[in-house]
Amino acid sequence: MALTLDDLVEIEHIKQLKYRYFLAVDRHDWTALEACLAEDLTTALDGGKYSFDSRAAFIEGLKAILDRPTFLCKHHGHHPQIEMLSADTARGSWYLEDHAIDLEGDWMLHGTALYQDDYVKRDGRWLIVATGYQRLLETVTSPIPAQFKVTANLFDRP
């Protein structure tokens, strides 16, 4: 099926949505994250290890893990493949590379995964209605090596 110009515009909006999602997680910006997600969101992260059945439950689950200045993370979404299913639904896949540093827990993670998302357009805005990923690779270093230094931290500001 050939894509129309309108399809390409919608696909770009979906790409920007996913970027806002990753940025909100990394910044621990729960209000911005909420704006990316449908209320009836379902998730199955890490092959279902972290599953939630609503936007509120998902955000609370993330906050329980991430919401402290000693937990730093970086999520990069690459190679999006977005398929328009209708004028107001789409499906997408992304290649994820992520890093997490838990200074309090004394560990670091580096991983890759394949994200699968479903999107819905409601009230003129694209939202993530289902999301999940399957890990391809994950490495954990613990304890954090003595020579490792965090020289900048968004959350370590007066």
# chains A, B, ... in the order shown; residues from 1 in each chain; ligands from 1
>>> residues_around(residues="segment 13-21 of chain A", least_positions_apart="2", cutoff="8 Å", atoms="only C-alpha atoms", output="count of residues only")
14
>>> closest_atom_pairs(of="segment 53-75 of chain A", to="segment 82-98 of chain A", cutoff="8 Å", atoms="only C-alpha atoms", output="tab-separated table")
residue	atom	partner	partner_atom	distance
A:Cys73	CA	A:Asp98	CA	7.2
A:Lys74	CA	A:Asp98	CA	5.4
A:His75	CA	A:Asp98	CA	4.5
>>> residues_around(residues="His110 of chain A", least_positions_apart="2", cutoff="7 Å", atoms="only C-alpha atoms", output="JSON, numbers by chain")
{"A": [98, 99, 100, 108, 138, 139, 140]}
>>> closest_residue(among="A:Phe58, A:Tyr115, A:Phe22, A:Tyr133", to="Glu39 of chain A", atoms="only C-alpha atoms")
A:Phe58
>>> select_by_dssp(residues="segment 25-82 of chain A", states="strand (DSSP E or B)", output="short mmCIF file (atom, residue, chain, number, x, y, z; two decimals) with N, CA and C atoms, in the first residue's frame")
data_model
loop_
_atom_site.label_atom_id
_atom_site.label_comp_id
_atom_site.auth_asym_id
_atom_site.auth_seq_id
_atom_site.Cartn_x
_atom_site.Cartn_y
_atom_site.Cartn_z
N LEU A 37 0.47 9.22 26.83
CA LEU A 37 -0.14 7.90 27.02
C LEU A 37 -1.66 7.97 27.11
N ALA A 38 -2.32 6.99 26.52
CA ALA A 38 -3.77 6.85 26.67
C ALA A 38 -4.08 6.36 28.08
N GLU A 39 -5.22 6.77 28.62
CA GLU A 39 -5.61 6.32 29.96
C GLU A 39 -5.70 4.81 30.05
N ASP A 40 -6.14 4.17 28.96
CA ASP A 40 -6.31 2.71 28.93
C ASP A 40 -5.06 1.99 28.42
N LEU A 41 -3.92 2.60 28.63
CA LEU A 41 -2.63 2.02 28.23
C LEU A 41 -2.45 0.62 28.81
N THR A 42 -1.88 -0.27 28.00
CA THR A 42 -1.40 -1.56 28.50
C THR A 42 0.08 -1.66 28.17
N THR A 43 0.84 -2.27 29.07
CA THR A 43 2.28 -2.40 28.86
C THR A 43 2.73 -3.82 29.18
N ALA A 44 3.79 -4.22 28.49
CA ALA A 44 4.46 -5.50 28.76
C ALA A 44 5.94 -5.28 28.49
N LEU A 45 6.62 -4.62 29.42
CA LEU A 45 8.03 -4.30 29.25
C LEU A 45 8.89 -5.48 29.65
N TYR A 50 7.53 -6.36 33.48
CA TYR A 50 6.89 -5.17 34.03
C TYR A 50 5.63 -4.92 33.22
N SER A 51 4.49 -5.37 33.72
CA SER A 51 3.22 -5.22 33.01
C SER A 51 2.27 -4.36 33.83
N PHE A 52 1.57 -3.46 33.14
CA PHE A 52 0.62 -2.57 33.78
C PHE A 52 -0.61 -2.47 32.89
N PHE A 71 19.02 8.04 40.36
CA PHE A 71 18.75 7.09 39.27
C PHE A 71 18.76 7.87 37.96
N LEU A 72 19.75 7.59 37.14
CA LEU A 72 19.93 8.29 35.87
C LEU A 72 19.70 7.29 34.74
N CYS A 73 19.04 7.75 33.68
CA CYS A 73 18.82 6.84 32.57
C CYS A 73 18.82 7.60 31.25
N LYS A 74 19.06 6.84 30.20
CA LYS A 74 19.09 7.38 28.84
C LYS A 74 18.45 6.34 27.93
N HIS A 75 17.45 6.76 27.18
CA HIS A 75 16.76 5.88 26.24
C HIS A 75 16.85 6.48 24.84
N HIS A 76 17.35 5.70 23.91
CA HIS A 76 17.41 6.11 22.51
C HIS A 76 16.56 5.16 21.69
N GLY A 77 15.63 5.72 20.93
CA GLY A 77 14.81 4.93 20.01
C GLY A 77 15.30 5.14 18.59
N HIS A 78 15.63 4.05 17.91
CA HIS A 78 16.17 4.12 16.56
C HIS A 78 15.31 3.33 15.59
N HIS A 79 15.49 3.62 14.32
CA HIS A 79 14.94 2.83 13.22
C HIS A 79 13.43 2.59 13.34
N PRO A 80 12.64 3.65 13.49
CA PRO A 80 11.20 3.44 13.62
C PRO A 80 10.59 2.87 12.34
N GLN A 81 9.68 1.96 12.52
CA GLN A 81 8.86 1.44 11.42
C GLN A 81 7.42 1.62 11.85
N ILE A 82 6.75 2.59 11.25
CA ILE A 82 5.38 2.93 11.63
C ILE A 82 4.45 2.52 10.50
#
>>> closest_residue(among="A:Asp6, A:Asp46, A:Glu12, A:Asp102", to="Ser142 of chain A", atoms="only C-alpha atoms")
A:Asp102
>>> select_by_dssp(residues="chain A", states="alpha helix (DSSP H)", output="PyMOL selection string")
chain A and resi 5-27+30-36+55-66
>>> write_last_selection(atoms="N, CA and C atoms", output="compact mmCIF listing (two decimals), in the first residue's frame")
# COMPACT_ATOMS: atom_id res chain seq x y z
N LEU A 5 0.76 11.60 1.44
CA LEU A 5 1.41 12.70 2.16
C LEU A 5 0.81 12.83 3.56
N ASP A 6 -0.51 12.66 3.67
CA ASP A 6 -1.15 12.72 4.99
C ASP A 6 -0.61 11.62 5.92
N ASP A 7 -0.40 10.41 5.37
CA ASP A 7 0.18 9.32 6.17
C ASP A 7 1.55 9.72 6.69
N LEU A 8 2.36 10.31 5.83
CA LEU A 8 3.72 10.69 6.23
C LEU A 8 3.70 11.75 7.33
N VAL A 9 2.75 12.68 7.25
CA VAL A 9 2.62 13.69 8.30
C VAL A 9 2.22 13.02 9.62
N GLU A 10 1.28 12.10 9.57
CA GLU A 10 0.85 11.40 10.79
C GLU A 10 2.00 10.56 11.37
N ILE A 11 2.74 9.90 10.51
CA ILE A 11 3.89 9.11 10.96
C ILE A 11 4.91 10.00 11.66
N GLU A 12 5.14 11.19 11.14
CA GLU A 12 6.06 12.12 11.79
C GLU A 12 5.54 12.53 13.17
N HIS A 13 4.24 12.75 13.28
CA HIS A 13 3.66 13.08 14.59
C HIS A 13 3.87 11.93 15.58
N ILE A 14 3.75 10.71 15.11
CA ILE A 14 3.96 9.54 15.98
C ILE A 14 5.43 9.44 16.39
N LYS A 15 6.33 9.69 15.48
CA LYS A 15 7.76 9.68 15.82
C LYS A 15 8.06 10.71 16.91
N GLN A 16 7.49 11.91 16.77
CA GLN A 16 7.70 12.95 17.78
C GLN A 16 7.09 12.55 19.12
N LEU A 17 5.96 11.86 19.09
CA LEU A 17 5.34 11.36 20.32
C LEU A 17 6.29 10.42 21.05
N LYS A 18 6.89 9.48 20.32
CA LYS A 18 7.78 8.51 20.96
C LYS A 18 9.03 9.21 21.51
N TYR A 19 9.52 10.22 20.79
CA TYR A 19 10.66 10.99 21.30
C TYR A 19 10.29 11.66 22.63
N ARG A 20 9.09 12.28 22.67
CA ARG A 20 8.65 12.93 23.92
C ARG A 20 8.53 11.90 25.06
N TYR A 21 8.09 10.71 24.72
CA TYR A 21 7.98 9.62 25.70
C TYR A 21 9.35 9.30 26.31
N PHE A 22 10.35 9.06 25.45
CA PHE A 22 11.69 8.74 25.95
C PHE A 22 12.26 9.89 26.79
N LEU A 23 12.11 11.11 26.31
CA LEU A 23 12.63 12.28 27.02
C LEU A 23 11.95 12.45 28.37
N ALA A 24 10.65 12.24 28.43
CA ALA A 24 9.93 12.37 29.69
C ALA A 24 10.42 11.34 30.71
N VAL A 25 10.66 10.11 30.27
CA VAL A 25 11.18 9.08 31.18
C VAL A 25 12.55 9.49 31.70
N ASP A 26 13.44 9.91 30.81
CA ASP A 26 14.80 10.27 31.21
C ASP A 26 14.84 11.49 32.13
N ARG A 27 13.92 12.41 31.94
CA ARG A 27 13.86 13.61 32.79
C ARG A 27 13.03 13.40 34.05
N TRP A 30 6.88 13.30 34.86
CA TRP A 30 5.70 12.43 34.85
C TRP A 30 4.50 13.09 34.21
N THR A 31 4.40 14.42 34.27
CA THR A 31 3.31 15.13 33.60
C THR A 31 3.46 15.03 32.09
N ALA A 32 4.67 15.22 31.59
CA ALA A 32 4.92 15.09 30.15
C ALA A 32 4.69 13.65 29.70
N LEU A 33 5.08 12.69 30.52
CA LEU A 33 4.86 11.29 30.16
C LEU A 33 3.37 10.99 30.09
N GLU A 34 2.63 11.46 31.06
CA GLU A 34 1.18 11.24 31.07
C GLU A 34 0.53 11.75 29.79
N ALA A 35 1.02 12.88 29.27
CA ALA A 35 0.46 13.46 28.05
C ALA A 35 0.73 12.61 26.81
N CYS A 36 1.66 11.67 26.90
CA CYS A 36 1.99 10.78 25.77
C CYS A 36 1.15 9.51 25.75
N ARG A 55 -2.56 3.79 32.38
CA ARG A 55 -1.55 4.85 32.38
C ARG A 55 -1.11 5.16 33.81
N ALA A 56 -2.07 5.29 34.72
CA ALA A 56 -1.74 5.64 36.10
C ALA A 56 -0.86 4.57 36.75
N ALA A 57 -1.18 3.30 36.53
CA ALA A 57 -0.38 2.22 37.12
C ALA A 57 1.03 2.20 36.54
N PHE A 58 1.14 2.44 35.24
CA PHE A 58 2.45 2.46 34.59
C PHE A 58 3.32 3.58 35.15
N ILE A 59 2.77 4.78 35.24
CA ILE A 59 3.54 5.91 35.74
C ILE A 59 3.94 5.68 37.20
N GLU A 60 3.04 5.17 38.01
CA GLU A 60 3.38 4.88 39.40
C GLU A 60 4.48 3.81 39.48
N GLY A 61 4.42 2.82 38.60
CA GLY A 61 5.46 1.79 38.56
C GLY A 61 6.82 2.36 38.21
N LEU A 62 6.85 3.27 37.22
CA LEU A 62 8.11 3.91 36.85
C LEU A 62 8.63 4.80 37.98
N LYS A 63 7.73 5.55 38.58
CA LYS A 63 8.14 6.43 39.68
C LYS A 63 8.77 5.64 40.82
N ALA A 64 8.22 4.47 41.11
CA ALA A 64 8.75 3.64 42.20
C ALA A 64 10.20 3.24 41.94
N ILE A 65 10.56 3.11 40.67
CA ILE A 65 11.93 2.70 40.32
C ILE A 65 12.84 3.91 40.08
N LEU A 66 12.33 4.89 39.33
CA LEU A 66 13.19 5.95 38.79
C LEU A 66 13.18 7.27 39.54
>>> residues_around(residues="Leu103 of chain A", least_positions_apart="3", cutoff="7 Å", atoms="only C-alpha atoms", output="mmCIF file with N, CA and C atoms, in the first residue's frame")
data_model
loop_
_atom_site.group_PDB
_atom_site.id
_atom_site.type_symbol
_atom_site.label_atom_id
_atom_site.label_comp_id
_atom_site.auth_asym_id
_atom_site.auth_seq_id
_atom_site.Cartn_x
_atom_site.Cartn_y
_atom_site.Cartn_z
ATOM 1 N N THR A 70 19.281 9.955 42.255
ATOM 2 C CA THR A 70 20.407 9.027 42.124
ATOM 3 C C THR A 70 20.165 7.953 41.064
ATOM 4 N N PHE A 71 19.025 8.038 40.361
ATOM 5 C CA PHE A 71 18.750 7.090 39.273
ATOM 6 C C PHE A 71 18.755 7.865 37.964
ATOM 7 N N ASP A 106 24.218 1.063 43.398
ATOM 8 C CA ASP A 106 25.582 0.717 42.991
ATOM 9 C C ASP A 106 25.626 -0.273 41.822
ATOM 10 N N TRP A 107 24.831 0.033 40.767
ATOM 11 C CA TRP A 107 24.867 -0.789 39.560
ATOM 12 C C TRP A 107 24.595 0.070 38.331
#
>>> atom_distance(atom1="atom CA of Leu137 of chain A", atom2="atom CA of Ala113 of chain A")
6.8 Å
>>> atom_distance(atom1="atom CA of Phe148 of chain A", atom2="atom CA of Pro69 of chain A")
17.4 Å
>>> closest_residue(among="A:Asp118, A:Asp156, A:Asp123, A:Asp53", to="Arg68 of chain A", atoms="only C-alpha atoms")
A:Asp156
>>> decode(residues="segment 57-131 of chain A", atoms="C-alpha atoms", output="short mmCIF file (atom, residue, chain, number, x, y, z; two decimals), in the first residue's frame")
data_model
loop_
_atom_site.label_atom_id
_atom_site.label_comp_id
_atom_site.auth_asym_id
_atom_site.auth_seq_id
_atom_site.Cartn_x
_atom_site.Cartn_y
_atom_site.Cartn_z
CA ALA A 57 -0.38 2.22 37.12
CA PHE A 58 2.45 2.46 34.59
CA ILE A 59 3.54 5.91 35.74
CA GLU A 60 3.38 4.88 39.40
CA GLY A 61 5.46 1.79 38.56
CA LEU A 62 8.11 3.91 36.85
CA LYS A 63 8.14 6.43 39.68
CA ALA A 64 8.75 3.64 42.20
CA ILE A 65 11.93 2.70 40.32
CA LEU A 66 13.19 5.95 38.79
CA ASP A 67 11.92 8.91 40.75
CA ARG A 68 15.04 9.85 42.68
CA PRO A 69 18.06 12.01 41.81
CA THR A 70 20.41 9.03 42.12
CA PHE A 71 18.75 7.09 39.27
CA LEU A 72 19.93 8.29 35.87
CA CYS A 73 18.82 6.84 32.57
CA LYS A 74 19.09 7.38 28.84
CA HIS A 75 16.76 5.88 26.24
CA HIS A 76 17.41 6.11 22.51
CA GLY A 77 14.81 4.93 20.01
CA HIS A 78 16.17 4.12 16.56
CA HIS A 79 14.94 2.83 13.22
CA PRO A 80 11.20 3.44 13.62
CA GLN A 81 8.86 1.44 11.42
CA ILE A 82 5.38 2.93 11.63
CA GLU A 83 2.40 1.35 9.89
CA MET A 84 -0.83 3.33 9.52
CA LEU A 85 -3.70 0.92 10.21
CA SER A 86 -6.43 3.54 9.79
CA ALA A 87 -6.80 7.31 10.04
CA ASP A 88 -6.65 7.06 13.84
CA THR A 89 -4.69 3.89 14.61
CA ALA A 90 -1.12 2.86 13.91
CA ARG A 91 1.45 0.30 14.96
CA GLY A 92 5.17 0.85 15.34
CA SER A 93 8.42 -0.84 16.19
CA TRP A 94 11.60 0.79 17.48
CA TYR A 95 15.09 -0.38 18.27
CA LEU A 96 15.93 0.73 21.82
CA GLU A 97 19.33 1.32 23.34
CA ASP A 98 19.28 2.26 27.00
CA HIS A 99 21.65 2.97 29.85
CA ALA A 100 20.69 3.16 33.52
CA ILE A 101 22.84 4.12 36.47
CA ASP A 102 21.63 3.54 40.00
CA LEU A 103 24.12 5.40 42.18
CA GLU A 104 22.29 4.38 45.34
CA GLY A 105 22.01 0.72 44.37
CA ASP A 106 25.58 0.72 42.99
CA TRP A 107 24.87 -0.79 39.56
CA MET A 108 24.78 0.19 35.88
CA LEU A 109 22.81 -1.35 33.03
CA HIS A 110 23.33 -1.20 29.28
CA GLY A 111 20.83 -2.85 27.01
CA THR A 112 19.07 -3.10 23.69
CA ALA A 113 15.51 -4.13 22.98
CA LEU A 114 12.81 -4.17 20.33
CA TYR A 115 9.82 -1.98 21.21
CA GLN A 116 6.34 -2.68 19.82
CA ASP A 117 3.74 0.07 20.19
CA ASP A 118 0.12 0.63 19.26
CA TYR A 119 -1.01 4.21 18.77
CA VAL A 120 -4.43 5.81 18.74
CA LYS A 121 -5.47 9.31 17.71
CA ARG A 122 -7.97 10.83 20.15
CA ASP A 123 -9.19 14.40 20.12
CA GLY A 124 -6.67 15.18 17.38
CA ARG A 125 -3.65 13.88 19.36
CA TRP A 126 -1.67 10.70 18.93
CA LEU A 127 -1.24 8.65 22.11
CA ILE A 128 0.50 5.40 22.96
CA VAL A 129 -2.23 2.89 23.85
CA ALA A 130 -0.04 -0.23 24.13
CA THR A 131 3.70 -0.59 24.51
#
